[in-house]
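Structure file run_24.cif (mmCIF, C-alpha atoms) follows.
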```
data_work
#
loop_
_atom_site.label_atom_id
_atom_site.label_comp_id
_atom_site.auth_asym_id
_atom_site.auth_seq_id
_atom_site.Cartn_x
_atom_site.Cartn_y
_atom_site.Cartn_z
CA MET R 1 116.48 80.76 110.17
CA LYS R 2 115.13 81.04 106.62
CA ARG R 3 115.74 84.16 104.55
CA SER R 4 112.02 84.90 104.51
CA GLU R 5 112.00 84.91 108.32
CA VAL R 6 115.04 87.22 108.40
CA ARG R 7 113.28 89.48 105.90
CA GLU R 8 110.15 89.56 108.04
CA HIS R 9 112.16 90.59 111.11
CA ILE R 10 113.80 93.38 109.10
CA PHE R 11 110.36 94.53 107.97
CA ARG R 12 109.09 94.54 111.55
CA ILE R 13 112.05 96.62 112.72
CA LEU R 14 111.58 99.09 109.86
CA PHE R 15 107.91 99.34 110.73
CA CYS R 16 108.67 100.01 114.41
CA VAL R 17 111.24 102.65 113.52
CA GLU R 18 108.61 104.53 111.48
CA PHE R 19 107.04 105.60 114.77
CA CYS R 20 110.29 106.92 116.30
CA GLU R 21 112.96 109.49 115.70
CA LYS R 22 115.99 108.36 113.68
CA GLU R 23 118.18 108.91 116.72
CA GLU R 24 116.25 106.15 118.49
CA PHE R 25 117.01 103.54 115.82
CA GLU R 26 119.63 101.61 117.80
CA ASP R 27 117.44 101.55 120.90
CA GLN R 28 114.50 100.28 118.85
CA VAL R 29 116.59 97.45 117.38
CA GLU R 30 117.78 96.49 120.84
CA LEU R 31 114.22 96.54 122.19
CA TYR R 32 113.06 94.43 119.27
CA PHE R 33 115.60 91.72 120.01
CA HIS R 34 114.68 91.74 123.70
CA GLY R 35 111.19 90.78 122.61
CA HIS R 36 112.56 88.06 120.29
CA GLU R 37 115.13 86.26 122.40
CA ASN R 38 114.77 83.12 120.26
CA ILE R 39 116.80 84.80 117.48
CA ASN R 40 120.40 83.65 117.77
CA GLU R 41 123.30 86.09 117.87
CA LYS R 42 124.47 85.38 114.32
CA THR R 43 121.01 86.04 112.89
CA GLN R 44 120.61 89.16 115.04
CA LYS R 45 123.86 90.45 113.56
CA GLU R 46 122.66 89.74 110.00
CA ILE R 47 119.32 91.45 110.63
CA THR R 48 121.00 94.45 112.24
CA GLU R 49 123.58 94.84 109.47
CA LYS R 50 121.01 94.68 106.69
CA THR R 51 118.69 97.08 108.50
CA GLU R 52 121.52 99.54 109.16
CA ASN R 53 122.64 99.34 105.53
CA LEU R 54 119.08 99.98 104.38
CA ILE R 55 118.78 103.00 106.68
CA LYS R 56 122.12 104.28 105.38
CA HIS R 57 120.72 104.22 101.82
CA LEU R 58 117.23 105.40 102.78
CA ASP R 59 117.34 108.62 100.71
CA GLU R 60 118.28 106.70 97.56
CA ILE R 61 115.63 104.05 98.27
CA ASP R 62 112.91 106.63 98.97
CA GLU R 63 113.85 108.48 95.79
CA GLN R 64 113.31 105.30 93.75
CA ILE R 65 109.99 104.59 95.43
CA SER R 66 108.80 108.18 94.92
CA ALA R 67 109.76 108.08 91.26
CA HIS R 68 107.61 104.98 90.71
CA THR R 69 104.48 105.66 92.78
CA ASN R 70 103.00 108.24 90.40
CA ALA R 71 100.63 110.47 92.37
CA TRP R 72 101.42 108.88 95.72
CA ASN R 73 103.99 110.68 97.83
CA LEU R 74 105.62 108.73 100.63
CA GLU R 75 103.59 110.46 103.32
CA ARG R 76 100.36 109.07 101.79
CA LEU R 77 101.56 105.47 101.95
CA GLY R 78 100.73 103.35 104.96
CA LYS R 79 103.67 102.68 107.23
CA ALA R 80 103.52 98.93 106.62
CA GLU R 81 103.39 99.40 102.85
CA LEU R 82 106.25 101.89 102.95
CA SER R 83 108.38 99.59 105.09
CA ILE R 84 107.77 96.69 102.70
CA LEU R 85 108.59 98.85 99.68
CA ARG R 86 111.77 100.11 101.32
CA LEU R 87 112.95 96.61 102.16
CA ALA R 88 112.23 95.21 98.70
CA THR R 89 113.72 98.23 96.93
CA TYR R 90 116.85 97.84 99.04
CA GLU R 91 117.05 94.18 98.03
CA ILE R 92 116.49 94.98 94.34
CA LEU R 93 119.01 97.82 94.20
CA LEU R 94 121.67 96.92 96.74
CA ASP R 95 121.53 93.29 97.87
CA GLU R 96 123.17 91.15 95.20
CA GLN R 97 122.34 87.97 97.12
CA VAL R 98 118.60 88.42 96.54
CA PRO R 99 117.23 87.88 93.02
CA ARG R 100 114.78 90.58 91.95
CA LYS R 101 111.90 88.12 91.51
CA VAL R 102 112.43 86.82 95.03
CA ALA R 103 112.49 90.35 96.48
CA ILE R 104 109.24 91.22 94.71
CA ASN R 105 107.52 87.95 95.60
CA GLU R 106 108.53 88.19 99.26
CA ALA R 107 107.31 91.80 99.40
CA VAL R 108 103.95 90.75 98.00
CA GLU R 109 103.71 87.97 100.59
CA LEU R 110 104.50 90.42 103.41
CA ALA R 111 101.84 92.77 102.05
CA LYS R 112 99.28 89.97 102.03
CA LYS R 113 100.12 89.22 105.65
CA TYR R 114 100.40 92.74 107.08
CA CYS R 115 98.36 95.04 104.82
CA ASN R 116 94.92 95.30 103.26
CA GLU R 117 93.98 93.45 100.07
CA LYS R 118 94.85 96.39 97.79
CA ALA R 119 98.45 96.65 99.00
CA ALA R 120 99.90 93.52 97.38
CA PRO R 121 99.06 94.48 93.77
CA PHE R 122 100.19 98.06 94.41
CA ILE R 123 103.52 96.92 95.87
CA ASN R 124 103.99 94.43 93.04
CA GLY R 125 103.42 97.18 90.46
CA VAL R 126 105.79 99.67 92.05
CA LEU R 127 108.57 97.10 92.46
CA SER R 128 108.10 95.80 88.92
CA LYS R 129 108.53 99.35 87.60
CA ILE R 130 111.71 99.80 89.64
CA GLY R 131 113.05 96.53 88.22
CA GLN R 132 112.14 97.50 84.64
CA ASP R 133 113.97 100.80 85.00
CA MET R 134 117.04 98.95 86.22
CA ASP R 135 116.91 96.76 83.10
CA GLU R 136 116.81 99.83 80.89
CA GLU R 137 119.88 101.41 82.49
#
```
Show me, as structure tokens, the structure contained in the file I just sent.
Amino acid sequence: MKRSEVREHIFRILFCVEFCEKEEFEDQVELYFHGHENINEKTQKEITEKTENLIKHLDEIDEQISAHTNAWNLERLGKAELSILRLATYEILLDEQVPRKVAINEAVELAKKYCNEKAAPFINGVLSKIGQDMDEE
């Protein structure tokens, strides 16, 4: 399975979890894979590990997003947009295997697929600011 497909599955899980309590996370992941039985065990493990790691760092990720969305607090963002931003921010900050440009580009592509037409430029701008701040540190 391509990285972009793995990324899309992680996004979908994050999106689903937005509608549940954090305690239900493991159950939601299990339910997701029941609906996607074509995903092999190795890929399921990769998706689960990355999603769990992202959730583990959620406060740090949300702090970065909040710091770069100007007047938008996280509650005002659509759940799809927030899930995409969280995934890409995780990749930019914590996943050394994903180049920043790839993380941003893939986030924009997810936004084009799952959000309205205004989301992709917004997501691109926020992620670019996060990347610029990393360069300055």
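Of the residues listed (R:Lys22, R:His34, R:Lys50, R:Lys112), R:Lys50 shows the shortest atom-to-atom separation from Val6 (chain R); distances use all atoms listed in the file.
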Can you translate the PyMOL selection byres ((chain R and resi 92-107) around 10) into the concrete residues it hits in this file, as a CSV table (one decimal) with C-alpha atoms, keeping the file's coordinate frame?
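Output saved as expr.csv:
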```csv
chain,number,residue,atom,x,y,z
R,3,ARG,CA,115.7,84.2,104.6
R,4,SER,CA,112.0,84.9,104.5
R,7,ARG,CA,113.3,89.5,105.9
R,8,GLU,CA,110.2,89.6,108.0
R,11,PHE,CA,110.4,94.5,108.0
R,50,LYS,CA,121.0,94.7,106.7
R,53,ASN,CA,122.6,99.3,105.5
R,54,LEU,CA,119.1,100.0,104.4
R,57,HIS,CA,120.7,104.2,101.8
R,60,GLU,CA,118.3,106.7,97.6
R,61,ILE,CA,115.6,104.0,98.3
R,64,GLN,CA,113.3,105.3,93.8
R,81,GLU,CA,103.4,99.4,102.8
R,83,SER,CA,108.4,99.6,105.1
R,84,ILE,CA,107.8,96.7,102.7
R,85,LEU,CA,108.6,98.8,99.7
R,86,ARG,CA,111.8,100.1,101.3
R,87,LEU,CA,113.0,96.6,102.2
R,88,ALA,CA,112.2,95.2,98.7
R,89,THR,CA,113.7,98.2,96.9
R,90,TYR,CA,116.8,97.8,99.0
R,91,GLU,CA,117.0,94.2,98.0
R,108,VAL,CA,104.0,90.8,98.0
R,109,GLU,CA,103.7,88.0,100.6
R,110,LEU,CA,104.5,90.4,103.4
R,111,ALA,CA,101.8,92.8,102.0
R,112,LYS,CA,99.3,90.0,102.0
R,113,LYS,CA,100.1,89.2,105.6
R,120,ALA,CA,99.9,93.5,97.4
R,123,ILE,CA,103.5,96.9,95.9
R,124,ASN,CA,104.0,94.4,93.0
R,125,GLY,CA,103.4,97.2,90.5
R,126,VAL,CA,105.8,99.7,92.0
R,127,LEU,CA,108.6,97.1,92.5
R,128,SER,CA,108.1,95.8,88.9
R,130,ILE,CA,111.7,99.8,89.6
R,131,GLY,CA,113.0,96.5,88.2
R,134,MET,CA,117.0,99.0,86.2
```
**Study point:** Distance of CA of Phe122 (chain R) from CA of Met1 (chain R), expressed in Å to one decimal place
**Key:** 28.5 Å
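With CA of Glu41 (chain R) on one side and CA of Glu24 (chain R) on the other, the separation reads 21.3 Å.
Distances to Tyr114 (chain R) were evaluated for R:Lys2, R:Lys129, R:Lys45, R:Lys79 using only C-alpha atoms, and the minimum falls at R:Lys79.
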Exercise for review: For CA of Glu5 (chain R) and CA of Cys20 (chain R), determine how far apart the two atoms are, in Å to one decimal place.
Suggested key: 23.5 Å
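Shortest atom-to-atom contact with Leu58 (chain R) among R:Pro121, R:Ile39, R:Glu136, R:Leu82: R:Leu82, counting only C-alpha atoms.
Nearest to Phe25 (chain R) of all the residues R:Ile10, R:Ile47, R:Ala80, R:Ile55 is R:Ile55, counting all atoms listed in the file.
Using only C-alpha atoms, the nearest neighbour of Asp59 (chain R) within the list R:Leu74, R:Ile13, R:Glu117, R:Glu26 is R:Leu74.
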Practice item. Write out as a PyMOL selection string each polymer residue whose atoms come within 9 Å of Cys16 (chain R), counting only C-alpha atoms; drop sequence neighbours fewer than 5 positions from it. Key: chain R and resi 11+28-29+32
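Closest approach to His36 (chain R) from the set R:Thr51, R:Glu23, R:Arg12, R:Asn73 is made by R:Arg12, with distances taken over only C-alpha atoms.
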